[in-house]
Amino acid sequence: MLPFLMKPFTLLMLAGVCVLGEAMWIYMGIQNGNPWECAALFVVGLFLGFVGGGRTSKLWDKYYIEALLRRVKMIRTPMGKRNALFIFLALGVPMVLSFIPTSRHPVLPVLQSYIFGFICGMNIAIYLWVKQLPQR
């Protein structure tokens, strides 16, 4: 009943790809002279992504069956609105900032490290929720 992107194997693969992507951005950070900033923002992104994934898991836990039956749209619930706002601020704003062309090229690896950390943390939190679900 879970969508493909919420299958345990898929979530673990996405988390693994995020760690691999982070390794490449750390390498770029080493080239630019700011590997510690990249690593620190990866950890911050990991934490905030884990929080966002936990909130998303609670949202799915509460409204999943009703959403399947098309009784409710999760984004229109109060919990869904708060979760969407949190994810927009925590992930959307840094993504937009990374697309703005600037002369400060060393900022890009730091922002991308945060983004990869956020996505990785979110996938791990959702994976932990999926593992708690009863198997068919």
# chains A, B, ... in the order shown; residues from 1 in each chain; ligands from 1

$ residues_around --residues "Phe47 (chain A)" --least-positions-apart "3" --cutoff "9 Å" --atoms "only C-alpha atoms" --output "number ranges by chain"
A: 42-44, 50-52, 117-118, 121-122

$ write_last_selection --atoms "N, CA, C and O atoms" --output "CSV table (one decimal), in the first residue's frame"
chain,number,residue,atom,x,y,z
A,42,PHE,N,26.0,20.0,6.8
A,42,PHE,CA,25.5,18.6,6.5
A,42,PHE,C,24.8,18.1,7.8
A,42,PHE,O,23.7,17.6,7.7
A,43,VAL,N,25.5,18.2,8.9
A,43,VAL,CA,24.9,17.8,10.2
A,43,VAL,C,23.7,18.6,10.6
A,43,VAL,O,22.6,18.0,11.0
A,44,VAL,N,23.7,19.9,10.4
A,44,VAL,CA,22.5,20.7,10.7
A,44,VAL,C,21.4,20.3,9.8
A,44,VAL,O,20.2,20.1,10.2
A,50,PHE,N,15.7,15.2,9.7
A,50,PHE,CA,15.1,14.2,10.6
A,50,PHE,C,13.9,14.7,11.2
A,50,PHE,O,12.9,14.0,11.3
A,51,VAL,N,13.9,16.0,11.7
A,51,VAL,CA,12.7,16.6,12.2
A,51,VAL,C,11.6,16.7,11.2
A,51,VAL,O,10.4,16.3,11.5
A,52,GLY,N,11.9,17.1,10.0
A,52,GLY,CA,10.9,17.2,8.9
A,52,GLY,C,10.4,15.8,8.6
A,52,GLY,O,9.2,15.7,8.3
A,117,GLY,N,22.2,16.9,3.4
A,117,GLY,CA,21.9,16.5,4.7
A,117,GLY,C,20.4,16.5,5.1
A,117,GLY,O,19.9,15.5,5.7
A,118,PHE,N,19.7,17.5,4.6
A,118,PHE,CA,18.3,17.6,4.9
A,118,PHE,C,17.5,16.4,4.3
A,118,PHE,O,16.7,15.7,4.9
A,121,GLY,N,18.4,13.1,6.1
A,121,GLY,CA,17.8,13.0,7.4
A,121,GLY,C,16.3,12.7,7.2
A,121,GLY,O,15.7,11.9,8.0
A,122,MET,N,15.7,13.3,6.2
A,122,MET,CA,14.2,13.1,6.0
A,122,MET,C,14.0,11.6,5.6
A,122,MET,O,13.1,11.0,6.1

$ closest_residue --among "A:Lys73, A:Tyr27, A:Cys18, A:Thr56" --to "Leu85 (chain A)" --atoms "only C-alpha atoms"
A:Thr56

$ residues_around --residues "Ile115 (chain A)" --least-positions-apart "6" --cutoff "8 Å" --atoms "only C-alpha atoms" --output "PyMOL selection string"
chain A and resi 42+45+91+94-95

$ closest_residue --among "A:Met6, A:Cys38, A:Gln31, A:Trp60" --to "Ser113 (chain A)" --atoms "only C-alpha atoms"
A:Cys38

$ residues_around --residues "Lys58 (chain A)" --least-positions-apart "6" --cutoff "10 Å" --atoms "only C-alpha atoms" --output "PyMOL selection string"
chain A and resi 52+64+79-80+83+126+129

$ residues_around --residues "Ser98 (chain A)" --least-positions-apart "2" --cutoff "10 Å" --atoms "only C-alpha atoms" --output "list in words"
Gly92, Val93, Pro94, Met95, Val96, Ile100, Pro101, Thr102, His105, Val107, Leu108, Pro109, Val110, Leu111, Gln112 and Ile115 of chain A

$ closest_residue --among "A:Thr77, A:Leu14, A:Ile30, A:Leu48" --to "Leu89 (chain A)" --atoms "only C-alpha atoms"
A:Leu48

$ residues_around --residues "Pro78 (chain A)" --least-positions-apart "6" --cutoff "12 Å" --atoms "only C-alpha atoms" --output "list of chain:residue names"
A:Leu59, A:Lys62, A:Tyr63, A:Val72, A:Ala84, A:Leu85

$ decode --residues "region 25-64 of chain A" --atoms "N, CA and C atoms" --output "mmCIF file, in the first residue's frame"
data_model
loop_
_atom_site.group_PDB
_atom_site.id
_atom_site.type_symbol
_atom_site.label_atom_id
_atom_site.label_comp_id
_atom_site.auth_asym_id
_atom_site.auth_seq_id
_atom_site.Cartn_x
_atom_site.Cartn_y
_atom_site.Cartn_z
ATOM 1 N N TRP A 25 30.457 16.857 -2.406
ATOM 2 C CA TRP A 25 30.439 18.277 -2.044
ATOM 3 C C TRP A 25 31.499 18.589 -0.999
ATOM 4 N N ILE A 26 31.810 17.643 -0.118
ATOM 5 C CA ILE A 26 32.915 17.846 0.837
ATOM 6 C C ILE A 26 34.229 17.977 0.063
ATOM 7 N N TYR A 27 34.401 17.142 -0.950
ATOM 8 C CA TYR A 27 35.604 17.240 -1.781
ATOM 9 C C TYR A 27 35.691 18.623 -2.420
ATOM 10 N N MET A 28 34.562 19.109 -2.921
ATOM 11 C CA MET A 28 34.527 20.455 -3.505
ATOM 12 C C MET A 28 34.819 21.498 -2.424
ATOM 13 N N GLY A 29 34.298 21.265 -1.215
ATOM 14 C CA GLY A 29 34.578 22.175 -0.109
ATOM 15 C C GLY A 29 36.049 22.193 0.261
ATOM 16 N N ILE A 30 36.699 21.038 0.182
ATOM 17 C CA ILE A 30 38.138 20.974 0.451
ATOM 18 C C ILE A 30 38.887 21.798 -0.596
ATOM 19 N N GLN A 31 38.447 21.690 -1.841
ATOM 20 C CA GLN A 31 39.077 22.471 -2.915
ATOM 21 C C GLN A 31 38.925 23.971 -2.675
ATOM 22 N N ASN A 32 37.782 24.381 -2.114
ATOM 23 C CA ASN A 32 37.519 25.805 -1.880
ATOM 24 C C ASN A 32 37.983 26.280 -0.509
ATOM 25 N N GLY A 33 38.459 25.382 0.302
ATOM 26 C CA GLY A 33 38.981 25.766 1.606
ATOM 27 C C GLY A 33 37.951 25.855 2.717
ATOM 28 N N ASN A 34 36.781 25.245 2.568
ATOM 29 C CA ASN A 34 35.783 25.285 3.639
ATOM 30 C C ASN A 34 35.137 23.911 3.894
ATOM 31 N N PRO A 35 35.952 22.870 4.166
ATOM 32 C CA PRO A 35 35.353 21.548 4.401
ATOM 33 C C PRO A 35 34.584 21.479 5.714
ATOM 34 N N TRP A 36 35.007 22.241 6.726
ATOM 35 C CA TRP A 36 34.334 22.169 8.024
ATOM 36 C C TRP A 36 32.956 22.785 7.977
ATOM 37 N N GLU A 37 32.812 23.858 7.198
ATOM 38 C CA GLU A 37 31.489 24.450 7.035
ATOM 39 C C GLU A 37 30.542 23.482 6.326
ATOM 40 N N CYS A 38 31.088 22.784 5.316
ATOM 41 C CA CYS A 38 30.265 21.797 4.602
ATOM 42 C C CYS A 38 29.818 20.685 5.542
ATOM 43 N N ALA A 39 30.741 20.166 6.324
ATOM 44 C CA ALA A 39 30.404 19.079 7.250
ATOM 45 C C ALA A 39 29.422 19.551 8.321
ATOM 46 N N ALA A 40 29.643 20.753 8.845
ATOM 47 C CA ALA A 40 28.753 21.266 9.890
ATOM 48 C C ALA A 40 27.341 21.472 9.358
ATOM 49 N N LEU A 41 27.220 22.055 8.178
ATOM 50 C CA LEU A 41 25.881 22.267 7.630
ATOM 51 C C LEU A 41 25.240 20.968 7.170
ATOM 52 N N PHE A 42 26.033 19.961 6.829
ATOM 53 C CA PHE A 42 25.458 18.639 6.543
ATOM 54 C C PHE A 42 24.795 18.085 7.800
ATOM 55 N N VAL A 43 25.463 18.242 8.938
ATOM 56 C CA VAL A 43 24.901 17.751 10.207
ATOM 57 C C VAL A 43 23.653 18.552 10.583
ATOM 58 N N VAL A 44 23.686 19.861 10.394
ATOM 59 C CA VAL A 44 22.499 20.687 10.663
ATOM 60 C C VAL A 44 21.353 20.264 9.752
ATOM 61 N N GLY A 45 21.651 20.069 8.471
ATOM 62 C CA GLY A 45 20.638 19.612 7.530
ATOM 63 C C GLY A 45 20.111 18.234 7.890
ATOM 64 N N LEU A 46 21.008 17.356 8.347
ATOM 65 C CA LEU A 46 20.601 16.014 8.775
ATOM 66 C C LEU A 46 19.610 16.098 9.929
ATOM 67 N N PHE A 47 19.905 16.957 10.896
ATOM 68 C CA PHE A 47 19.008 17.115 12.051
ATOM 69 C C PHE A 47 17.656 17.690 11.631
ATOM 70 N N LEU A 48 17.679 18.791 10.866
ATOM 71 C CA LEU A 48 16.417 19.404 10.451
ATOM 72 C C LEU A 48 15.632 18.489 9.511
ATOM 73 N N GLY A 49 16.331 17.733 8.669
ATOM 74 C CA GLY A 49 15.666 16.762 7.811
ATOM 75 C C GLY A 49 15.025 15.646 8.617
ATOM 76 N N PHE A 50 15.698 15.223 9.680
ATOM 77 C CA PHE A 50 15.136 14.191 10.557
ATOM 78 C C PHE A 50 13.874 14.715 11.237
ATOM 79 N N VAL A 51 13.900 15.968 11.655
ATOM 80 C CA VAL A 51 12.700 16.590 12.246
ATOM 81 C C VAL A 51 11.583 16.662 11.205
ATOM 82 N N GLY A 52 11.913 17.116 9.999
ATOM 83 C CA GLY A 52 10.915 17.190 8.928
ATOM 84 C C GLY A 52 10.376 15.823 8.555
ATOM 85 N N GLY A 53 11.236 14.825 8.516
ATOM 86 C CA GLY A 53 10.795 13.463 8.225
ATOM 87 C C GLY A 53 9.904 12.909 9.314
ATOM 88 N N GLY A 54 10.223 13.248 10.556
ATOM 89 C CA GLY A 54 9.358 12.826 11.667
ATOM 90 C C GLY A 54 7.980 13.458 11.575
ATOM 91 N N ARG A 55 7.948 14.718 11.216
ATOM 92 C CA ARG A 55 6.655 15.407 11.060
ATOM 93 C C ARG A 55 5.875 14.819 9.886
ATOM 94 N N THR A 56 6.573 14.530 8.793
ATOM 95 C CA THR A 56 5.921 13.917 7.637
ATOM 96 C C THR A 56 5.393 12.532 7.988
ATOM 97 N N SER A 57 6.159 11.783 8.759
ATOM 98 C CA SER A 57 5.727 10.444 9.182
ATOM 99 C C SER A 57 4.460 10.523 10.029
ATOM 100 N N LYS A 58 4.420 11.478 10.942
ATOM 101 C CA LYS A 58 3.213 11.641 11.763
ATOM 102 C C LYS A 58 2.013 12.024 10.909
ATOM 103 N N LEU A 59 2.247 12.873 9.912
ATOM 104 C CA LEU A 59 1.181 13.267 8.999
ATOM 105 C C LEU A 59 0.654 12.059 8.232
ATOM 106 N N TRP A 60 1.553 11.256 7.694
ATOM 107 C CA TRP A 60 1.139 10.052 6.960
ATOM 108 C C TRP A 60 0.458 9.062 7.894
ATOM 109 N N ASP A 61 0.965 8.946 9.105
ATOM 110 C CA ASP A 61 0.384 8.013 10.070
ATOM 111 C C ASP A 61 -1.057 8.395 10.394
ATOM 112 N N LYS A 62 -1.310 9.676 10.490
ATOM 113 C CA LYS A 62 -2.638 10.139 10.880
ATOM 114 C C LYS A 62 -3.637 10.131 9.729
ATOM 115 N N TYR A 63 -3.192 10.483 8.517
ATOM 116 C CA TYR A 63 -4.136 10.705 7.420
ATOM 117 C C TYR A 63 -3.967 9.767 6.226
ATOM 118 N N TYR A 64 -3.128 8.760 6.297
ATOM 119 C CA TYR A 64 -2.823 7.950 5.117
ATOM 120 C C TYR A 64 -4.056 7.227 4.560
#
